[in-house]
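Here the structure is laid out as structure tokens; the discussion comes afterwards.
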Amino acid sequence: MIEGILIGLQTALSLQNLLMVIGGCLIGTFIGMLPGLGPMSIIAIMIPVAISIGDPAAALILLAGVYYGAIFGGSTSSILLNAPGVAGTVATSFDGYPMAREGKAGKALTIAAIASFCGGTIGAILLMIFAPMLSSVALLFHSAEYFALMVVGLSAIAAFAGTGQVAKAIIMTLLGLIMATVGEGALFNMPRFTMGLMDLQSGFGFVTLAMAMFALPEAIFLVLNPGRSAQGDGGAIKDMRITRSEAKSIAPVIGRQSLQGFFIGVLPGAGATIASFLGYAVERNIAPKTEQEQFGKGSIKGLAAPETANNAACTGSFVPLLTLGIPGSGTTAILLGALIALNVTPGPRLMLDDPQIFWAVIISMYIGNLVLLILNLPLIPYIAKILSVPRNFLIPFILFFTLMGAYIGQNNATELLLLVGFGVCATVLRFADYPLAPLLIGFILGGMLENNFSRSMQLYDGVSFVWERPMTLGLLVIAAFLVILPSYRARRARARAAGIADGD
Amino acid sequence: MKTFELSRRALLGAAMALGLGGQAIADGHQVVDSIHFLIPGGAGGGWDGTARGTGEALTGAGLVGTASYENMSGGGGGKAIGFLIENADSNHGTLMVNSTPIVIRSLTGVFPHNFRDLTLVAGTIGDYAAIVVGKDSPINSMDELLAAYDADPSGTAVGGGSVPGGMDHLVAAMVMEAAGKDALGVKYIPYDAGGKAMAALLSGEIAALSTGFSEAVDLANAGEVKIIGVTAPERVDAYPDAATMKEQGIDTEFVNWRGFFGAPGMPAEQVAAYQDALAKMYDTPEWEAVRARNGWVNIHNNGDEFKTFLEGQEKVIGDLMKKLGFL
């Protein structure tokens, strides 16, 4: 592990990668702050940029920086505008916004920045400990276990549909799986469903699809709702200091929520959003009676809890991505697709074959969190000015990067037609309130699911591997639980977060 | 680690191109100003290594001013072929690298095009095929692999990085047939990337892996695999420890050629210039360094010779595939 850390330090501290971290964090913070643009849209727009870098370590460092930068930035608009830029920071507004209205906006931002920093940093330490452990187990995996893992990944989609839309999520997953069958599978000699088009021979492009699902509809939505931009009434940012007693009272909250948030993030399907709500609920329940009443009215504990948890969960979601190669959330699904496009297959072999990628990403998280702390503490009053930029300036930018990105990746104009076509479909689906992340996850996992399944069928001359291999059976049982539990839970907690950018 | 090294190598190549390109003009033996290499697969694969290695030698020796590279994966290489044909007029400065699969996949009809639709520049190198086993495997030779296969045919699977009926499968089938086994009885498990096939080998899912010799040498040097048989006529200098199939009593040889193609309708003088640059490359120390490092074999076929060679290979592989039932 020491050796790994050294490799990681060496890679992460190169000038290029330092610029990647700083750039990623800056972009993430700026865009994450803007209400309506979630981390998935930002990352989708950034993929072509990352892929064109060519170096997988640098690309992942950049995209990861954008990811946690967006979670960081989202808290600013939650506190100042009561308009979360990111679903994962909705809970932040519960107490952050009341604080801002009392004229304590500066204090709220400081607490959010410190809590985020601690959550992210402790998360990165836990990632360093747990990822190698999980990786060494996963090295024993055969195709049968990979197949079961993909089933676990797909079953987590039920958990995505936290707003009680299990049926819709399943439909979208199936659509994604169907789309994954287009083109020439690795196991067959013949192209399928290509309608004789050479452009479809290798299937739909992941970059094109990701941007069609997350970036293009975002721009179209902004066009359709020009008045959606929120006006701040949170007051000026004045005193940013916190007192010693305040620090003392939030310290245990941060400690607990770093751990809890991290482990929730590790679970497939439960990302930063769930972690932040759960963190808020837990801290409220265990707080003394007098403090409990403060929750929702500007409690510093109620602010620190979700802010710590969402950043820790964000780091935790890298565990299944880097060790098993399955995405735990829509955002990590996009990261997975980007890595595959760069010819890196995340999974247990990543630590052996490309240790510099694995460790550099973890080390870059420490650096990124430091950058964000610096960015958010002294500079936040200035950065927050971006909130007053009219968002119709944003639309051409999004369109430009989306269209350019789809073309540059492939040098193929057909991609543009596909992008626009799918983008329009995605917008219609969003109007009908269908979640788009399950489609992308189905698409990414579909190919791997099929390949590993047919390989196992070939090796075992049938489906006997399901009961002959205990690890396969165990994973499939976990998958079954993942389907049943959240759909039960979702029934109880409908309509919780309407009108917020999906994903975490 | 591999891609890391490659990108460093590419950087080095680019640096050399910048530094030496100017000097070459002064020397007056530069043949071509620049070449754009179109690589039909991703970074780190065999095609990628060939194009970048060739570019490195050409620019390093001053035969070519600058070399640029473009990876266009998709359709097992079909996308790049289609791209080159569709955009022929704007791609006279482009050379596409390709190899045996262009013949195999045209035969199976996966590609609507075949090599006759392109301008044949030259075949430059070859790479033998190899059968490898994991470093901890009890198997140490082809005999032991065949014995394991006889004992448990369905539990002794051979993996590879190509689709069934693709090159890795053909090699495995050829070897088994030459060893007197039922070539179609061998369980061939396809993986969509070399890394995944490697993981399967190390986790014990497959008993052996059919792969290119130069990739096998990399893995063997990294201590991950043992090479139990090479499809070369005699032992290869790049890794003399690896026994040939022939010396183990399996009478088979196979070489995967690699070469360069241009867009259809490329002007004759330009084709001649590329051929000239490639022909001169063989005598340079820069090329010798690249070749030796990768364990490639020089098999130079220019223009019409290349066509004859490809037609011959089309026949040999076509017959084999018919015999094995892939066609």
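In the structure tokens, the first chain shown is A, the next is B, and so on; residue numbers restart at 1 for each chain, and ligands run from 1 in the order shown.
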Do me a favour and pick out the residues of chain A within 10 Å of chain B, using only C-alpha atoms, as a CSV table (one decimal) with C-alpha atoms, in the first residue's frame.
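The resulting result13.csv:
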chain,number,residue,atom,x,y,z
A,54,GLY,CA,-5.9,10.6,-23.5
A,55,ASP,CA,-4.3,9.8,-20.2
A,56,PRO,CA,-6.9,7.8,-18.1
A,57,ALA,CA,-5.4,9.0,-14.8
A,138,ALA,CA,-12.7,-9.6,-6.4
A,139,LEU,CA,-9.5,-11.0,-8.1
A,140,LEU,CA,-11.0,-14.5,-7.6
A,141,PHE,CA,-14.1,-13.6,-9.6
A,142,HIS,CA,-14.9,-15.6,-12.7
A,143,SER,CA,-17.3,-14.6,-15.5
A,144,ALA,CA,-20.1,-16.0,-13.4
A,183,GLY,CA,-23.9,-3.5,-32.8
A,184,GLU,CA,-21.5,-6.3,-32.8
A,185,GLY,CA,-21.1,-8.0,-29.5
A,186,ALA,CA,-17.7,-9.2,-28.4
A,187,LEU,CA,-18.9,-12.8,-28.5
A,188,PHE,CA,-20.6,-12.9,-31.8
A,189,ASN,CA,-19.4,-12.7,-35.3
A,190,MET,CA,-22.4,-10.9,-36.7
A,191,PRO,CA,-23.7,-7.4,-36.2
A,196,GLY,CA,-26.9,-2.4,-42.3
A,198,MET,CA,-21.6,0.8,-40.7
A,199,ASP,CA,-21.9,3.6,-38.1
A,200,LEU,CA,-23.9,1.4,-35.8
A,201,GLN,CA,-21.6,-1.6,-36.2
A,202,SER,CA,-19.9,-0.9,-32.9
A,203,GLY,CA,-23.1,0.1,-31.2
A,205,GLY,CA,-21.4,5.7,-28.7
A,341,ALA,CA,-13.8,4.8,-23.6
A,342,LEU,CA,-10.2,5.3,-22.6
A,343,ASN,CA,-9.5,1.6,-22.7
A,344,VAL,CA,-9.3,1.2,-19.0
A,345,THR,CA,-11.6,-1.4,-17.4
A,347,GLY,CA,-12.4,-3.6,-11.7
A,348,PRO,CA,-10.2,-5.7,-9.5
A,349,ARG,CA,-7.4,-5.8,-12.1
A,350,LEU,CA,-7.2,-2.0,-12.0
A,352,LEU,CA,-2.6,-4.4,-10.5
A,353,ASP,CA,-2.5,-3.3,-14.1
A,354,ASP,CA,-2.9,0.4,-13.6
A,355,PRO,CA,-1.9,1.2,-10.0
A,356,GLN,CA,-1.0,4.8,-11.0
A,357,ILE,CA,-4.6,5.5,-12.0
A,409,GLY,CA,-14.8,12.1,-30.1
A,410,GLN,CA,-15.6,10.2,-33.3
A,411,ASN,CA,-15.0,12.6,-36.2
A,412,ASN,CA,-18.3,11.3,-37.5
A,448,MET,CA,-21.0,-6.7,-19.8
A,451,ASN,CA,-20.9,-11.1,-22.4
A,452,ASN,CA,-20.3,-12.5,-18.9
A,454,SER,CA,-22.8,-16.1,-22.3
A,455,ARG,CA,-19.2,-16.9,-21.3
A,456,SER,CA,-20.5,-18.6,-18.1
A,458,GLN,CA,-20.3,-21.7,-22.4
A,459,LEU,CA,-18.0,-22.7,-19.6
A,460,TYR,CA,-20.6,-24.5,-17.6
A,461,ASP,CA,-22.6,-25.8,-20.6
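The list of residues with at least one atom within 8 Å of A:Ala100, based on only C-alpha atoms and without residues fewer than 3 positions apart in the same chain, reads Ile79, Leu80, Gly96, Tyr97, Gly103, Lys104, Ala105, Gly106, Ala108, Gly234 and Gly235 of chain A.
Distances from A:Val420, A:Leu6, A:Ala305, A:Ala70 to A:Ala406 were compared using only C-alpha atoms, and the smallest one belongs to A:Val420.
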List the spatial neighbours of B:Val32 as number ranges by chain - criterion: any atom at most 6 Å away, only C-alpha atoms, same-chain residues fewer than 2 positions off excluded.
B: 30, 34, 64
Please produce a file of those selected residues containing N, CA and C atoms, as a compact mmCIF listing (two decimals), in the first residue's frame.
# COMPACT_ATOMS: atom_id res chain seq x y z
N GLN B 30 15.15 13.17 -46.08
CA GLN B 30 13.75 13.01 -45.70
C GLN B 30 12.92 12.68 -46.95
N SER B 34 5.11 14.40 -43.75
CA SER B 34 4.36 13.98 -42.57
C SER B 34 3.46 12.81 -42.93
N VAL B 64 10.78 10.65 -42.22
CA VAL B 64 9.52 11.37 -42.24
C VAL B 64 9.64 12.53 -41.26
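Across the model, the gap from atom CA of A:Gly298 to atom CA of A:Ser276 is 16.4 Å.
Of the listed residues A:Ser258, A:Thr173, A:Ser299, A:Ser329, the one whose atoms come nearest to A:Phe443 is A:Thr173, with distances taken using only C-alpha atoms.
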Backbone DSSP call of strand (DSSP E) for stretch 30-276 of chain B, listed as a PDB file with C-alpha atoms, in the first residue's frame:
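File produced: out07.pdb:
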ATOM      1  CA  VAL B  32       7.916  12.326 -46.712  1.00  0.00           C
ATOM      2  CA  ASP B  33       6.954  15.484 -44.812  1.00  0.00           C
ATOM      3  CA  SER B  34       4.356  13.981 -42.574  1.00  0.00           C
ATOM      4  CA  ILE B  35       2.223  10.899 -42.101  1.00  0.00           C
ATOM      5  CA  HIS B  36      -1.052  10.696 -40.258  1.00  0.00           C
ATOM      6  CA  PHE B  37      -1.534   7.195 -38.866  1.00  0.00           C
ATOM      7  CA  LEU B  38      -5.098   5.958 -38.548  1.00  0.00           C
ATOM      8  CA  ILE B  39      -5.331   3.237 -35.916  1.00  0.00           C
ATOM      9  CA  VAL B  64       9.520  11.366 -42.242  1.00  0.00           C
ATOM     10  CA  GLY B  65       9.218  14.864 -40.795  1.00  0.00           C
ATOM     11  CA  THR B  66       6.363  14.413 -38.393  1.00  0.00           C
ATOM     12  CA  ALA B  67       3.955  11.660 -37.533  1.00  0.00           C
ATOM     13  CA  SER B  68       0.530  12.060 -35.977  1.00  0.00           C
ATOM     14  CA  TYR B  69      -1.772   9.333 -34.698  1.00  0.00           C
ATOM     15  CA  GLU B  70      -5.492   8.901 -34.480  1.00  0.00           C
ATOM     16  CA  ASN B  71      -7.270   6.055 -32.740  1.00  0.00           C
ATOM     17  CA  THR B  94      -3.255   9.059 -44.028  1.00  0.00           C
ATOM     18  CA  LEU B  95      -1.927   5.540 -43.592  1.00  0.00           C
ATOM     19  CA  MET B  96      -4.120   3.009 -41.849  1.00  0.00           C
ATOM     20  CA  VAL B  97      -2.522   0.113 -40.033  1.00  0.00           C
ATOM     21  CA  ASN B  98      -4.218  -3.258 -40.316  1.00  0.00           C
ATOM     22  CA  SER B  99      -3.449  -6.934 -40.089  1.00  0.00           C
ATOM     23  CA  THR B 119      -4.690   1.295 -51.738  1.00  0.00           C
ATOM     24  CA  LEU B 120      -2.161  -1.345 -50.724  1.00  0.00           C
ATOM     25  CA  VAL B 121       0.950   0.411 -49.474  1.00  0.00           C
ATOM     26  CA  ALA B 122       3.041  -2.289 -47.821  1.00  0.00           C
ATOM     27  CA  GLY B 123       3.056  -5.156 -45.405  1.00  0.00           C
ATOM     28  CA  THR B 124       5.800  -4.402 -42.918  1.00  0.00           C
ATOM     29  CA  ILE B 125       6.005  -6.844 -40.053  1.00  0.00           C
ATOM     30  CA  GLY B 126       4.646 -10.030 -38.603  1.00  0.00           C
ATOM     31  CA  ASP B 127       3.901 -11.260 -35.130  1.00  0.00           C
ATOM     32  CA  TYR B 128       3.717 -14.927 -34.269  1.00  0.00           C
ATOM     33  CA  ALA B 129       0.930 -16.322 -32.160  1.00  0.00           C
ATOM     34  CA  ALA B 130       1.463 -17.948 -28.793  1.00  0.00           C
ATOM     35  CA  ILE B 131      -0.351 -20.105 -26.295  1.00  0.00           C
ATOM     36  CA  VAL B 132       0.255 -19.007 -22.690  1.00  0.00           C
ATOM     37  CA  VAL B 133      -0.772 -20.253 -19.251  1.00  0.00           C
ATOM     38  CA  GLY B 134      -0.859 -18.449 -15.900  1.00  0.00           C
ATOM     39  CA  VAL B 158      -8.869 -21.779 -24.117  1.00  0.00           C
ATOM     40  CA  GLY B 159      -9.514 -18.049 -24.109  1.00  0.00           C
ATOM     41  CA  GLY B 160      -8.642 -15.315 -26.530  1.00  0.00           C
ATOM     42  CA  TYR B 188     -12.958 -21.338 -26.969  1.00  0.00           C
ATOM     43  CA  ILE B 189     -14.043 -18.510 -24.667  1.00  0.00           C
ATOM     44  CA  PRO B 190     -13.926 -15.039 -26.186  1.00  0.00           C
ATOM     45  CA  ALA B 208      -4.772 -21.301 -21.512  1.00  0.00           C
ATOM     46  CA  LEU B 209      -4.848 -18.151 -23.573  1.00  0.00           C
ATOM     47  CA  SER B 210      -4.276 -17.743 -27.292  1.00  0.00           C
ATOM     48  CA  THR B 211      -2.648 -14.395 -27.984  1.00  0.00           C
ATOM     49  CA  GLY B 212      -0.083 -12.542 -30.047  1.00  0.00           C
ATOM     50  CA  VAL B 225       2.390 -15.941 -17.649  1.00  0.00           C
ATOM     51  CA  LYS B 226       4.417 -18.845 -19.043  1.00  0.00           C
ATOM     52  CA  ILE B 227       4.617 -19.136 -22.838  1.00  0.00           C
ATOM     53  CA  ILE B 228       4.145 -22.819 -23.680  1.00  0.00           C
ATOM     54  CA  GLY B 229       4.200 -22.635 -27.468  1.00  0.00           C
ATOM     55  CA  VAL B 230       4.990 -20.219 -30.297  1.00  0.00           C
ATOM     56  CA  VAL B 255       2.194 -15.352 -38.553  1.00  0.00           C
ATOM     57  CA  ASN B 256      -0.078 -12.364 -38.139  1.00  0.00           C
ATOM     58  CA  TRP B 257       1.174  -9.791 -40.612  1.00  0.00           C
ATOM     59  CA  ARG B 258       0.721  -6.089 -40.104  1.00  0.00           C
ATOM     60  CA  GLY B 259       0.858  -3.492 -42.811  1.00  0.00           C
ATOM     61  CA  PHE B 260      -0.304  -0.133 -44.034  1.00  0.00           C
ATOM     62  CA  PHE B 261      -3.156   0.839 -46.306  1.00  0.00           C
ATOM     63  CA  GLY B 262      -4.096   4.101 -47.975  1.00  0.00           C
TER      64      GLY B 262
END
